[in-house]
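A.B. asks: Handing over model-v8.txt, compact mmCIF, C-alpha atoms.
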# COMPACT_ATOMS: atom_id res chain seq x y z
CA MET A 1 113.58 55.09 144.38
CA ALA A 2 110.70 56.38 146.46
CA ALA A 3 107.40 54.92 145.35
CA VAL A 4 104.90 57.14 143.56
CA SER A 5 101.26 56.42 144.26
CA SER A 6 97.99 58.27 143.90
CA SER A 7 96.71 56.98 147.22
CA LYS A 8 98.25 55.90 150.49
CA VAL A 9 97.28 54.36 153.81
CA VAL A 10 97.85 56.97 156.48
CA THR A 11 97.92 56.49 160.22
CA VAL A 12 97.09 59.50 162.38
CA THR A 13 96.57 59.83 166.11
CA VAL A 14 93.83 62.40 166.64
CA ASN A 15 93.01 63.57 170.16
CA GLY A 16 94.73 60.47 171.49
CA VAL A 17 92.93 57.95 169.24
CA GLU A 18 94.76 56.20 166.40
CA HIS A 19 93.07 55.97 163.01
CA GLU A 20 94.16 54.28 159.80
CA ARG A 21 92.61 55.28 156.49
CA GLU A 22 93.41 54.88 152.82
CA VAL A 23 93.28 58.31 151.24
CA GLU A 24 93.90 59.78 147.82
CA ALA A 25 97.08 61.85 147.65
CA ARG A 26 94.97 64.85 146.61
CA LYS A 27 92.86 64.79 149.79
CA LEU A 28 93.44 67.76 152.09
CA LEU A 29 94.00 67.10 155.79
CA ILE A 30 90.83 69.07 156.61
CA HIS A 31 88.78 66.58 154.61
CA LEU A 32 90.38 63.58 156.33
CA ILE A 33 89.52 65.14 159.68
CA ARG A 34 85.95 66.16 158.80
CA ASP A 35 84.80 63.53 156.29
CA ASP A 36 86.75 60.39 157.15
CA LEU A 37 87.05 60.83 160.90
CA ASP A 38 83.72 62.64 161.45
CA LEU A 39 85.41 65.37 163.51
CA THR A 40 83.41 68.29 162.20
CA GLY A 41 84.47 70.77 164.86
CA THR A 42 87.26 71.93 162.55
CA HIS A 43 85.68 74.22 159.95
CA ILE A 44 86.26 75.21 156.33
CA GLY A 45 85.81 78.97 156.08
CA CYS A 46 87.57 80.13 152.94
CA ASP A 47 89.35 77.15 151.36
CA THR A 48 92.22 79.46 150.43
CA GLY A 49 94.27 79.37 153.61
CA ASN A 50 93.29 82.84 154.77
CA CYS A 51 90.66 82.48 157.49
CA GLY A 52 92.21 79.93 159.86
CA ALA A 53 88.90 78.24 160.74
CA CYS A 54 90.61 74.97 159.80
CA SER A 55 93.48 75.42 162.26
CA VAL A 56 94.66 72.31 164.09
CA ILE A 57 97.82 71.30 165.94
CA VAL A 58 99.99 68.73 164.14
CA ASP A 59 102.97 67.29 166.05
CA GLY A 60 102.77 70.23 168.41
CA VAL A 61 102.72 72.82 165.64
CA LEU A 62 99.75 75.04 164.70
CA VAL A 63 98.85 74.63 161.02
CA LYS A 64 95.95 75.31 158.68
CA SER A 65 94.63 71.87 157.80
CA CYS A 66 93.26 73.04 154.43
CA MET A 67 96.85 73.87 153.43
CA MET A 68 98.26 70.39 154.02
CA LEU A 69 97.64 67.08 152.31
CA ALA A 70 96.35 64.22 154.44
CA VAL A 71 99.23 62.05 153.21
CA GLN A 72 101.66 64.60 154.64
CA ALA A 73 100.21 63.93 158.10
CA ASP A 74 100.98 60.20 158.02
CA GLY A 75 102.32 59.24 161.43
CA ALA A 76 101.39 62.56 162.98
CA VAL A 77 99.80 63.37 166.32
CA ILE A 78 96.92 65.74 165.67
CA GLU A 79 94.88 67.83 168.10
CA THR A 80 91.53 69.29 167.10
CA VAL A 81 89.02 71.38 169.04
CA GLU A 82 87.19 68.23 170.13
CA GLY A 83 90.25 67.20 172.09
CA LEU A 84 90.57 70.34 174.21
CA ALA A 85 87.95 69.62 176.87
CA ASP A 86 88.82 66.83 179.28
CA GLY A 87 85.71 64.65 179.46
CA GLY A 88 83.02 67.24 179.96
CA GLU A 89 85.29 69.80 181.52
CA LEU A 90 86.09 72.82 179.35
CA THR A 91 89.60 74.25 179.45
CA ALA A 92 90.21 77.61 181.14
CA LEU A 93 90.48 79.09 177.64
CA GLN A 94 87.12 77.68 176.53
CA GLN A 95 85.47 78.92 179.71
CA ALA A 96 87.05 82.34 179.19
CA PHE A 97 85.61 82.47 175.65
CA GLY A 98 82.18 81.86 177.10
CA ALA A 99 82.56 84.30 179.99
CA ASN A 100 83.95 87.06 177.76
CA HIS A 101 81.44 86.70 174.89
CA ALA A 102 84.29 85.86 172.55
CA LEU A 103 82.02 84.09 170.07
CA GLN A 104 78.76 84.89 168.31
CA CYS A 105 78.13 82.53 165.41
CA GLY A 106 80.96 80.32 166.60
CA TYR A 107 82.29 79.48 163.13
CA CYS A 108 85.80 80.85 163.69
CA THR A 109 85.86 79.67 167.28
CA PRO A 110 87.48 76.25 166.90
CA GLY A 111 90.33 77.83 164.93
CA MET A 112 90.64 80.66 167.46
CA LEU A 113 90.77 78.13 170.30
CA MET A 114 93.49 76.06 168.63
CA SER A 115 95.59 79.14 167.84
CA ALA A 116 95.19 80.52 171.36
CA THR A 117 95.93 77.10 172.86
CA ALA A 118 99.13 76.92 170.82
CA LEU A 119 100.08 80.43 171.97
CA LEU A 120 99.50 79.80 175.67
CA ARG A 121 101.57 76.62 175.57
CA THR A 122 104.72 78.48 174.56
CA ASN A 123 103.84 81.89 176.04
CA PRO A 124 101.68 81.54 179.18
CA SER A 125 101.56 85.33 179.78
CA PRO A 126 101.29 86.98 176.38
CA THR A 127 101.00 90.72 175.89
CA GLU A 128 98.11 92.08 173.85
CA GLU A 129 100.49 92.54 170.90
CA GLN A 130 101.60 88.94 171.16
CA ILE A 131 98.00 87.74 171.28
CA LYS A 132 97.14 89.75 168.18
CA LYS A 133 100.19 88.37 166.36
CA ALA A 134 99.31 84.82 167.41
CA LEU A 135 95.74 85.19 166.12
CA GLN A 136 96.79 86.98 162.91
CA GLY A 137 95.87 83.91 160.90
CA ASN A 138 92.32 83.63 162.27
CA ILE A 139 89.57 85.81 160.85
CA CYS A 140 86.30 86.57 162.68
CA ARG A 141 83.33 88.30 161.03
CA CYS A 142 81.15 88.68 164.10
CA THR A 143 82.94 89.84 167.20
CA GLY A 144 85.38 92.51 166.09
CA TYR A 145 88.10 90.48 167.88
CA TRP A 146 88.21 92.53 171.09
CA ASN A 147 86.41 90.01 173.29
CA ILE A 148 88.56 87.24 171.83
CA PHE A 149 91.69 89.07 173.00
CA GLU A 150 90.08 89.62 176.43
CA ALA A 151 89.25 85.92 176.68
CA VAL A 152 92.83 84.92 175.89
CA LYS A 153 94.12 87.41 178.47
CA ALA A 154 91.67 86.05 181.05
CA ALA A 155 92.73 82.46 180.34
CA ALA A 156 96.39 83.44 180.57
CA GLY A 157 95.73 85.00 183.93
CA SER A 158 93.88 82.01 185.30
CA GLU A 159 95.80 79.05 183.94
CA ALA A 160 98.17 77.40 186.40
CA MET B 1 88.03 72.27 147.23
CA LEU B 2 88.93 69.20 145.24
CA LEU B 3 92.40 69.02 143.81
CA ARG B 4 93.07 67.13 140.59
CA GLU B 5 94.23 63.54 141.04
CA VAL B 6 97.94 63.50 141.74
CA GLY B 7 100.70 61.01 142.44
CA TYR B 8 102.75 61.40 145.60
CA ALA B 9 106.23 60.36 146.64
CA LYS B 10 108.13 61.10 149.82
CA PRO B 11 111.83 60.47 149.22
CA SER B 12 114.30 60.60 152.08
CA SER B 13 117.33 61.83 150.12
CA VAL B 14 118.14 64.51 147.57
CA ALA B 15 119.31 61.87 145.10
CA ASP B 16 116.03 60.00 145.43
CA ALA B 17 114.02 63.21 145.01
CA LEU B 18 115.99 64.13 141.88
CA ALA B 19 115.36 60.64 140.47
CA VAL B 20 111.61 61.02 140.91
CA LEU B 21 111.60 64.57 139.51
CA ALA B 22 113.55 63.40 136.47
CA GLY B 23 111.72 60.12 136.01
CA GLN B 24 108.11 61.23 136.36
CA ASP B 25 106.39 63.51 133.86
CA GLY B 26 104.83 66.55 135.44
CA ALA B 27 106.57 66.02 138.78
CA ARG B 28 106.89 69.04 141.06
CA ALA B 29 108.60 69.54 144.41
CA LEU B 30 106.35 70.10 147.44
CA ALA B 31 107.96 72.05 150.26
CA GLY B 32 105.70 73.67 152.89
CA GLY B 33 102.74 73.75 150.53
CA GLN B 34 101.69 77.25 151.61
CA THR B 35 101.78 78.39 148.00
CA LEU B 36 101.50 75.17 145.99
CA ILE B 37 98.46 73.71 147.80
CA ASN B 38 96.51 76.90 147.08
CA VAL B 39 97.66 76.84 143.46
CA MET B 40 96.44 73.26 143.19
CA LYS B 41 93.09 74.08 144.84
CA ALA B 42 92.46 76.73 142.21
CA ARG B 43 93.84 74.34 139.56
CA ALA B 44 96.05 77.18 138.34
CA ALA B 45 98.62 74.42 138.11
CA SER B 46 98.01 70.71 138.58
CA PRO B 47 101.24 68.72 138.80
CA ASP B 48 100.97 65.05 137.94
CA VAL B 49 103.25 64.01 140.77
CA LEU B 50 104.19 65.73 144.01
CA VAL B 51 107.64 65.05 145.43
CA ASP B 52 107.32 65.81 149.14
CA LEU B 53 110.65 67.16 150.42
CA ASN B 54 109.68 67.14 154.10
CA ALA B 55 111.56 63.91 154.92
CA ILE B 56 114.91 65.01 153.48
CA GLU B 57 117.09 65.95 156.45
CA ALA B 58 119.90 67.19 154.20
CA LEU B 59 117.62 70.05 153.10
CA LYS B 60 117.06 71.27 156.65
CA GLY B 61 119.09 73.04 159.30
CA ILE B 62 120.95 76.30 159.76
CA GLU B 63 124.71 76.38 160.23
CA LEU B 64 126.77 79.37 161.31
CA ALA B 65 130.43 79.13 160.31
CA ALA B 66 133.24 80.70 162.30
CA ASP B 67 133.61 83.45 159.70
CA GLY B 68 129.93 84.34 160.08
CA THR B 69 128.75 82.68 156.86
CA LEU B 70 125.22 81.34 157.27
CA SER B 71 124.21 78.16 155.50
CA ILE B 72 120.46 77.55 155.44
CA GLY B 73 118.63 74.45 154.25
CA PRO B 74 115.77 75.39 151.88
CA MET B 75 113.29 73.26 153.86
CA THR B 76 113.84 75.45 156.93
CA THR B 77 110.51 76.99 157.88
CA CYS B 78 110.00 80.70 158.52
CA ALA B 79 109.20 79.82 162.14
CA GLU B 80 112.48 77.93 162.49
CA ILE B 81 114.39 80.91 161.11
CA ILE B 82 112.67 83.23 163.57
CA ASP B 83 113.53 80.95 166.51
CA SER B 84 117.04 80.02 165.38
CA ALA B 85 120.01 81.17 167.46
CA GLU B 86 122.28 80.78 164.41
CA ALA B 87 120.02 82.89 162.18
CA LYS B 88 120.26 85.75 164.69
CA ALA B 89 123.74 86.35 163.31
CA ARG B 90 121.77 88.01 160.52
CA PRO B 91 118.81 89.57 162.35
CA ILE B 92 117.07 90.75 159.17
CA LEU B 93 116.22 87.14 158.29
CA GLY B 94 114.04 86.51 161.35
CA GLU B 95 112.64 90.05 161.26
CA VAL B 96 111.40 89.69 157.69
CA CYS B 97 110.21 86.09 158.16
CA ALA B 98 108.10 87.35 161.09
CA GLN B 99 106.27 89.67 158.69
CA ILE B 100 105.11 86.86 156.42
CA ALA B 101 101.37 86.10 156.70
CA ASP B 102 100.67 84.44 160.07
CA VAL B 103 101.78 81.79 162.58
CA GLN B 104 100.20 78.88 160.74
CA VAL B 105 101.75 79.79 157.40
CA ARG B 106 105.15 80.45 159.00
CA ASN B 107 105.05 77.06 160.73
CA ARG B 108 104.89 75.25 157.39
CA GLY B 109 106.17 77.73 154.83
CA THR B 110 109.84 77.35 153.97
CA ILE B 111 112.52 79.79 152.82
CA GLY B 112 113.21 77.57 149.81
CA GLY B 113 109.56 77.40 148.85
CA ASN B 114 109.17 81.16 149.20
CA ILE B 115 112.07 81.97 146.89
CA CYS B 116 111.43 79.17 144.38
CA ALA B 117 107.82 80.34 144.05
CA ASN B 118 109.23 83.78 143.20
CA ASP B 119 105.93 85.57 143.39
CA PRO B 120 106.81 89.23 142.64
CA THR B 121 105.21 90.28 145.95
CA ASN B 122 107.16 87.82 148.12
CA HIS B 123 109.50 89.15 150.81
CA LEU B 124 112.42 86.77 150.58
CA PRO B 125 113.47 87.11 146.92
CA PRO B 126 114.34 90.82 147.25
CA LEU B 127 115.85 90.21 150.69
CA LEU B 128 118.17 87.45 149.52
CA THR B 129 119.09 89.49 146.44
CA ALA B 130 120.10 92.49 148.55
CA ILE B 131 122.15 90.48 151.03
CA GLY B 132 124.02 88.68 148.23
CA ALA B 133 122.86 85.12 148.93
CA GLN B 134 124.23 82.22 146.88
CA MET B 135 121.91 79.35 145.94
CA THR B 136 123.19 75.81 145.49
CA ILE B 137 121.20 73.84 142.91
CA ALA B 138 121.51 70.07 142.47
CA GLY B 139 120.60 68.18 139.33
CA SER B 140 121.66 65.16 137.29
CA ALA B 141 124.78 67.02 136.15
CA GLY B 142 125.86 67.69 139.72
CA GLU B 143 125.76 70.86 141.80
CA ARG B 144 126.18 74.47 140.82
CA VAL B 145 126.05 77.75 142.72
CA VAL B 146 123.95 80.63 141.39
CA PRO B 147 124.11 84.11 142.92
CA ALA B 148 120.76 85.60 143.91
CA GLU B 149 120.83 88.23 141.17
CA GLU B 150 120.86 85.42 138.57
CA PHE B 151 118.56 83.05 140.48
CA PHE B 152 115.29 84.88 139.93
CA VAL B 153 114.45 84.53 136.25
CA GLY B 154 110.79 85.49 135.84
CA VAL B 155 107.38 85.41 137.52
CA TYR B 156 107.19 82.05 139.37
CA LEU B 157 110.42 81.09 137.55
CA THR B 158 113.87 80.56 138.98
CA ALA B 159 117.14 79.04 137.84
CA VAL B 160 116.01 75.71 139.36
CA GLY B 161 115.08 73.48 136.40
CA PRO B 162 112.30 70.86 136.34
CA ALA B 163 114.52 67.97 137.43
CA GLU B 164 116.59 70.00 139.88
CA LEU B 165 116.40 71.02 143.52
CA LEU B 166 117.59 74.01 145.50
CA THR B 167 119.73 72.41 148.20
CA ARG B 168 121.41 75.26 150.12
CA ILE B 169 121.20 79.00 150.64
CA THR B 170 124.51 80.55 151.65
CA ILE B 171 124.67 84.05 153.07
CA PRO B 172 128.03 85.80 153.38
CA ALA B 173 128.80 87.70 156.56
CA GLY B 174 129.92 91.23 157.14
CA ARG B 175 126.86 93.21 156.09
CA HIS B 176 124.00 95.00 157.85
CA ASP B 177 120.55 95.06 156.45
CA GLY B 178 117.19 96.77 156.28
CA PHE B 179 113.76 95.99 154.89
CA ALA B 180 110.74 98.20 154.32
CA SER B 181 107.34 97.47 152.85
CA VAL B 182 103.80 98.71 152.36
CA THR B 183 101.39 95.84 152.81
CA LEU B 184 97.70 94.99 152.62
CA GLY B 185 97.02 95.07 156.31
CA VAL B 186 99.49 94.08 159.01
CA ASP B 187 101.73 91.24 157.78
CA GLY B 188 99.72 91.13 154.55
CA THR B 189 100.76 90.79 150.94
CA CYS B 190 103.29 93.42 149.86
CA ILE B 191 102.14 96.21 147.55
CA ALA B 192 105.75 97.40 147.40
CA ASN B 193 108.89 96.36 149.23
CA ALA B 194 112.60 97.05 149.34
CA ALA B 195 115.55 95.31 150.97
CA ALA B 196 118.91 96.95 151.57
CA SER B 197 122.30 95.69 152.64
CA ALA B 198 125.28 97.80 153.61
CA GLY B 199 128.88 96.79 154.14
CA GLY B 200 131.46 98.28 151.83
CA SER B 201 128.90 98.70 149.08
CA LEU B 202 125.21 99.53 149.35
CA ARG B 203 122.90 97.03 147.67
CA ILE B 204 119.17 97.64 147.32
CA ALA B 205 116.69 95.16 145.88
CA LEU B 206 113.18 96.26 144.96
CA GLY B 207 110.30 93.78 144.96
CA CYS B 208 106.83 94.14 143.46
CA VAL B 209 107.94 96.45 140.65
CA ASP B 210 109.07 93.88 138.10
CA SER B 211 108.86 90.15 137.43
CA VAL B 212 112.04 89.65 139.47
CA PRO B 213 113.77 91.69 142.22
CA VAL B 214 115.53 94.74 140.79
CA LEU B 215 119.05 95.17 142.17
CA LEU B 216 120.49 98.67 142.50
CA THR B 217 123.94 99.68 143.77
CA PRO B 218 123.84 103.42 144.53
CA ASP B 219 126.88 105.16 146.04
CA GLY B 220 125.13 106.06 149.26
CA VAL B 221 121.76 106.85 150.78
CA GLY B 222 121.81 110.24 149.03
CA SER B 223 121.87 108.54 145.61
CA VAL B 224 119.09 106.03 146.30
CA ARG B 225 116.16 108.01 144.86
CA ALA B 226 118.07 108.84 141.71
CA ALA B 227 119.04 105.19 141.33
CA VAL B 228 115.41 104.11 141.57
CA ARG B 229 114.29 106.76 139.09
CA GLY B 230 117.12 105.93 136.73
CA ALA B 231 116.37 102.20 136.72
CA GLY B 232 113.76 102.45 133.97
CA LEU B 233 111.10 100.78 136.07
CA ASP B 234 107.65 100.08 134.64
CA PRO B 235 105.77 98.74 137.68
CA PRO B 236 102.43 97.02 137.27
CA ALA B 237 99.16 98.80 138.06
CA ASP B 238 96.46 96.93 139.95
CA VAL B 239 93.61 97.54 142.39
CA HIS B 240 96.09 98.26 145.19
CA ALA B 241 98.33 100.79 143.49
CA SER B 242 98.73 102.60 140.21
CA ALA B 243 102.04 102.25 138.40
CA GLU B 244 102.97 105.82 139.45
CA TYR B 245 102.17 105.17 143.10
CA ARG B 246 104.10 101.91 143.11
CA LEU B 247 107.09 103.71 141.63
CA HIS B 248 106.78 106.40 144.29
CA LEU B 249 106.57 103.72 147.01
CA ALA B 250 109.64 101.99 145.58
CA GLU B 251 111.65 105.19 146.01
CA VAL B 252 110.43 105.83 149.55
CA LEU B 253 110.91 102.23 150.70
CA ALA B 254 114.36 102.02 149.11
CA VAL B 255 115.44 105.04 151.15
CA ARG B 256 113.89 103.63 154.36
CA ALA B 257 115.53 100.24 153.87
CA ALA B 258 118.89 101.87 153.12
CA GLN B 259 118.65 104.07 156.23
CA GLN B 260 117.84 101.03 158.36
CA ALA B 261 120.81 99.13 156.96
CA LEU B 262 123.20 102.04 157.50
CA GLU B 263 121.91 102.72 161.03
CA ARG B 264 122.82 99.14 161.99
CA ARG B 265 126.44 99.31 160.90
Can you turn what I pasted into structure tokens?
C.D. replies:
Amino acid sequence: MAAVSSSKVVTVTVNGVEHEREVEARKLLIHLIRDDLDLTGTHIGCDTGNCGACSVIVDGVLVKSCMMLAVQADGAVIETVEGLADGGELTALQQAFGANHALQCGYCTPGMLMSATALLRTNPSPTEEQIKKALQGNICRCTGYWNIFEAVKAAAGSEA
Amino acid sequence: MLLREVGYAKPSSVADALAVLAGQDGARALAGGQTLINVMKARAASPDVLVDLNAIEALKGIELAADGTLSIGPMTTCAEIIDSAEAKARPILGEVCAQIADVQVRNRGTIGGNICANDPTNHLPPLLTAIGAQMTIAGSAGERVVPAEEFFVGVYLTAVGPAELLTRITIPAGRHDGFASVTLGVDGTCIANAAASAGGSLRIALGCVDSVPVLLTPDGVGSVRAAVRGAGLDPPADVHASAEYRLHLAEVLAVRAAQQALERR
């Protein structure tokens, strides 16, 4: 019978680096990422799974890391916002966010970047409707979204 | 937020999962977590043990039989249903799944989790009721099949008992379907919804108006409004809609869903 335990050693590969940590079963993935691994680029905005500021890519799939337990990510390959830029070089998407004023306070931005990155991987030339649908799970209080859509369009246009 | 301390198991078979559910007090199945994790954050419910179903291959996958019958594993995510070639045999499934929340939630949220949660505002309970789905439930006594109209028992309550698991959702072929809703924002929570399925008979299932989907079988689209009015509904009132408005929406959406279903025949 499968073992029941209140804590577990999990191994995760985050932005290409493997980490092993013992975590309580009740720990959310967002807290493993932020508190145990010191990757504070991923944000907690609402804690209820609505705002998407906690969005990361787990085994190639976009998820809200506050809606997953850390133990569920054992063995997973995780990408966070810190892993987008290559060395010091920002991705076309990140540059487009800057050029198109797609952030003000920046709190939603990591989540927006991960969601848009996930979109452009499977749909390199999205329509505006597709961009809106892809970013449905990410809430922004500052920008009114328009410049975010423009930035994603610009990145789609420029990415090879 | 800090969840209450909890035990965790990740079985790799249905039998193993059933053993843990039966053997551990306060054990609860964890599917995609898109409902349960939130519930646990708010401590509205705090299971003592979580039985993670994500490693059980037997609960996944979509099969399309030669006669058009669809067999869906409950751990199939909404995203997988949307992308599935087999599920396109029944286009309403992907169309409705695409209306649920957002990409992130659809990537983890499962069809089994959605129907076993049986929140009165969920999309899939009325949809599966209208299309006549059959649910296979496994427990210590073996397997049994429960039709959708008997599966949904009360708010957050289904025919799946504490030491049981939903293992298959079977959808018969030969029908065409519709779905209509009024939501809080695009792809938001439903204020009212209705699913319809045509093919010989017309079946309409109303969500949001009672603790479980309400199944109606009017003669045709002309009898839909009368069927809704004659169903003795007493919908809840809340900040989003009065009882009267919800009842009105139920009628309108039932007609829209029925028209969609009949247009697709």
A.B. asks: Select residues of chain A: the criterion is any atom within 10 Å of an atom of chain B, counting all atoms listed in the file; output as an NGL selection string.
C.D. replies: :A and (1-8 or 24-28 or 31 or 44 or 46-50 or 52 or 55-57 or 61-69 or 71-72 or 115 or 118-119 or 133-138)
A.B. asks: Residues at most 8 Å from Ala58 in chain B, counting only C-alpha atoms, excluding those fewer than 3 positions away in the same chain, as a VMD selection string?
C.D. replies: chain B and resid 13 to 14 61 73 167
A.B. asks: Could you write out that same residue set with C-alpha atoms as an mmCIF file, in the frame of the given file?
C.D. replies:
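This went into out20.cif:
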data_model
loop_
_atom_site.group_PDB
_atom_site.id
_atom_site.type_symbol
_atom_site.label_atom_id
_atom_site.label_comp_id
_atom_site.auth_asym_id
_atom_site.auth_seq_id
_atom_site.Cartn_x
_atom_site.Cartn_y
_atom_site.Cartn_z
ATOM 1 C CA SER B 13 117.330 61.830 150.120
ATOM 2 C CA VAL B 14 118.140 64.510 147.570
ATOM 3 C CA GLY B 61 119.090 73.040 159.300
ATOM 4 C CA GLY B 73 118.630 74.450 154.250
ATOM 5 C CA THR B 167 119.730 72.410 148.200
#
A.B. asks: Report, in Å with one decimal, the straight-line distance from CA of Ser71 in chain B to CA of Gly200 in chain B.
C.D. replies: 21.7 Å
A.B. asks: Could you tell me which of B:Ala198, B:Ala237, B:Ala243, B:Ile81 comes closest to Ala173 in chain B if we count only C-alpha atoms?
C.D. replies: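 Between B:Ala198, B:Ala237, B:Ala243, B:Ile81, the residue approaching Ala173 in chain B most closely is B:Ala198.
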A.B. asks: Find the spatial neighbours of range 81-90 of chain A, counting only C-alpha atoms, within a cut-off of 8 Å - ignore same-chain residues fewer than 4 positions away - and output them as a compact mmCIF listing (two decimals) with C-alpha atoms, in the frame of the given file.
C.D. replies:
# COMPACT_ATOMS: atom_id res chain seq x y z
CA ASN A 15 93.01 63.57 170.16
CA LEU A 39 85.41 65.37 163.51
CA GLY A 41 84.47 70.77 164.86
CA THR A 42 87.26 71.93 162.55
CA VAL A 56 94.66 72.31 164.09
CA GLN A 94 87.12 77.68 176.53
CA GLN A 95 85.47 78.92 179.71
CA PRO A 110 87.48 76.25 166.90
CA GLY A 111 90.33 77.83 164.93
CA LEU A 113 90.77 78.13 170.30
CA MET A 114 93.49 76.06 168.63
A.B. asks: Please determine an axis-aligned box that encloses all atoms of range 112-131 of chain B listed in the file, with 8 Å added on each side, and express its centre and edge lengths in Å to one decimal as AutoDock Vina command-line options.
C.D. replies:
--center_x 113.7 --center_y 84.9 --center_z 146.8 --size_x 32.9 --size_y 31.1 --size_z 24.4
A.B. asks: Hey, what's within 7 Å of Ala261 in chain B if we count all atoms listed in the file and toss same-chain stuff fewer than 4 positions away? As a ChimeraX atom specification, please?
C.D. replies: /B:176-178,196-198,257,265
A.B. asks: May I have the residues within 12 Å of range 66-70 of chain B as a list in words, using only C-alpha atoms and disregarding those fewer than 2 positions away in the same chain?
C.D. replies: Gly61, Ile62, Glu63, Leu64, Ile72, Gly73, Ile81, Ser84, Ala85, Glu86, Ala87, Lys88, Ala89, Arg90, Pro91, Leu93, Ile131, Gly132, Ala133, Gln134, Met135, Arg168, Ile169, Thr170, Ile171, Pro172, Ala173, Gly174 and Arg175 of chain B
A.B. asks: Counting only C-alpha atoms, what is within 9 Å of range 250-256 of chain B, bar same-chain residues fewer than 4 positions away, as a PDB file with C-alpha atoms, keeping the file's coordinate frame?
C.D. replies:
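Result saved to around-v4.pdb:
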ATOM      1  CA  GLY B 178     117.190  96.770 156.280  1.00  0.00           C
ATOM      2  CA  PHE B 179     113.760  95.990 154.890  1.00  0.00           C
ATOM      3  CA  ALA B 180     110.740  98.200 154.320  1.00  0.00           C
ATOM      4  CA  SER B 181     107.340  97.470 152.850  1.00  0.00           C
ATOM      5  CA  VAL B 182     103.800  98.710 152.360  1.00  0.00           C
ATOM      6  CA  ALA B 192     105.750  97.400 147.400  1.00  0.00           C
ATOM      7  CA  ASN B 193     108.890  96.360 149.230  1.00  0.00           C
ATOM      8  CA  ALA B 194     112.600  97.050 149.340  1.00  0.00           C
ATOM      9  CA  ALA B 195     115.550  95.310 150.970  1.00  0.00           C
ATOM     10  CA  ALA B 196     118.910  96.950 151.570  1.00  0.00           C
ATOM     11  CA  ILE B 204     119.170  97.640 147.320  1.00  0.00           C
ATOM     12  CA  ALA B 205     116.690  95.160 145.880  1.00  0.00           C
ATOM     13  CA  LEU B 206     113.180  96.260 144.960  1.00  0.00           C
ATOM     14  CA  GLY B 207     110.300  93.780 144.960  1.00  0.00           C
ATOM     15  CA  CYS B 208     106.830  94.140 143.460  1.00  0.00           C
ATOM     16  CA  VAL B 209     107.940  96.450 140.650  1.00  0.00           C
ATOM     17  CA  VAL B 221     121.760 106.850 150.780  1.00  0.00           C
ATOM     18  CA  GLY B 222     121.810 110.240 149.030  1.00  0.00           C
ATOM     19  CA  VAL B 224     119.090 106.030 146.300  1.00  0.00           C
ATOM     20  CA  ARG B 225     116.160 108.010 144.860  1.00  0.00           C
ATOM     21  CA  ALA B 226     118.070 108.840 141.710  1.00  0.00           C
ATOM     22  CA  ALA B 227     119.040 105.190 141.330  1.00  0.00           C
ATOM     23  CA  VAL B 228     115.410 104.110 141.570  1.00  0.00           C
ATOM     24  CA  ARG B 229     114.290 106.760 139.090  1.00  0.00           C
ATOM     25  CA  TYR B 245     102.170 105.170 143.100  1.00  0.00           C
ATOM     26  CA  ARG B 246     104.100 101.910 143.110  1.00  0.00           C
ATOM     27  CA  GLN B 260     117.840 101.030 158.360  1.00  0.00           C
ATOM     28  CA  ALA B 261     120.810  99.130 156.960  1.00  0.00           C
TER      29      ALA B 261
END
A.B. asks: What is the distance between CA of Gly220 in chain B and CA of Leu262 in chain B, in Å to one decimal?
C.D. replies: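 Computing it gives 9.4 Å between the two atoms.
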A.B. asks: Output file request: range 82-94 of chain B, with C-alpha atoms, as a PDB file, in the first residue's frame.
C.D. replies:
ATOM      1  CA  ILE B  82     -10.110  20.325 -25.414  1.00  0.00           C
ATOM      2  CA  ASP B  83      -7.086  19.008 -27.338  1.00  0.00           C
ATOM      3  CA  SER B  84      -8.289  15.415 -27.721  1.00  0.00           C
ATOM      4  CA  ALA B  85      -9.069  14.094 -31.199  1.00  0.00           C
ATOM      5  CA  GLU B  86     -11.294  11.402 -29.659  1.00  0.00           C
ATOM      6  CA  ALA B  87     -13.292  13.900 -27.598  1.00  0.00           C
ATOM      7  CA  LYS B  88     -14.127  15.820 -30.780  1.00  0.00           C
ATOM      8  CA  ALA B  89     -16.606  13.038 -31.511  1.00  0.00           C
ATOM      9  CA  ARG B  90     -18.681  14.943 -28.969  1.00  0.00           C
ATOM     10  CA  PRO B  91     -17.764  18.589 -29.638  1.00  0.00           C
ATOM     11  CA  ILE B  92     -19.774  19.958 -26.704  1.00  0.00           C
ATOM     12  CA  LEU B  93     -17.252  18.471 -24.263  1.00  0.00           C
ATOM     13  CA  GLY B  94     -14.297  20.540 -25.484  1.00  0.00           C
TER      14      GLY B  94
END
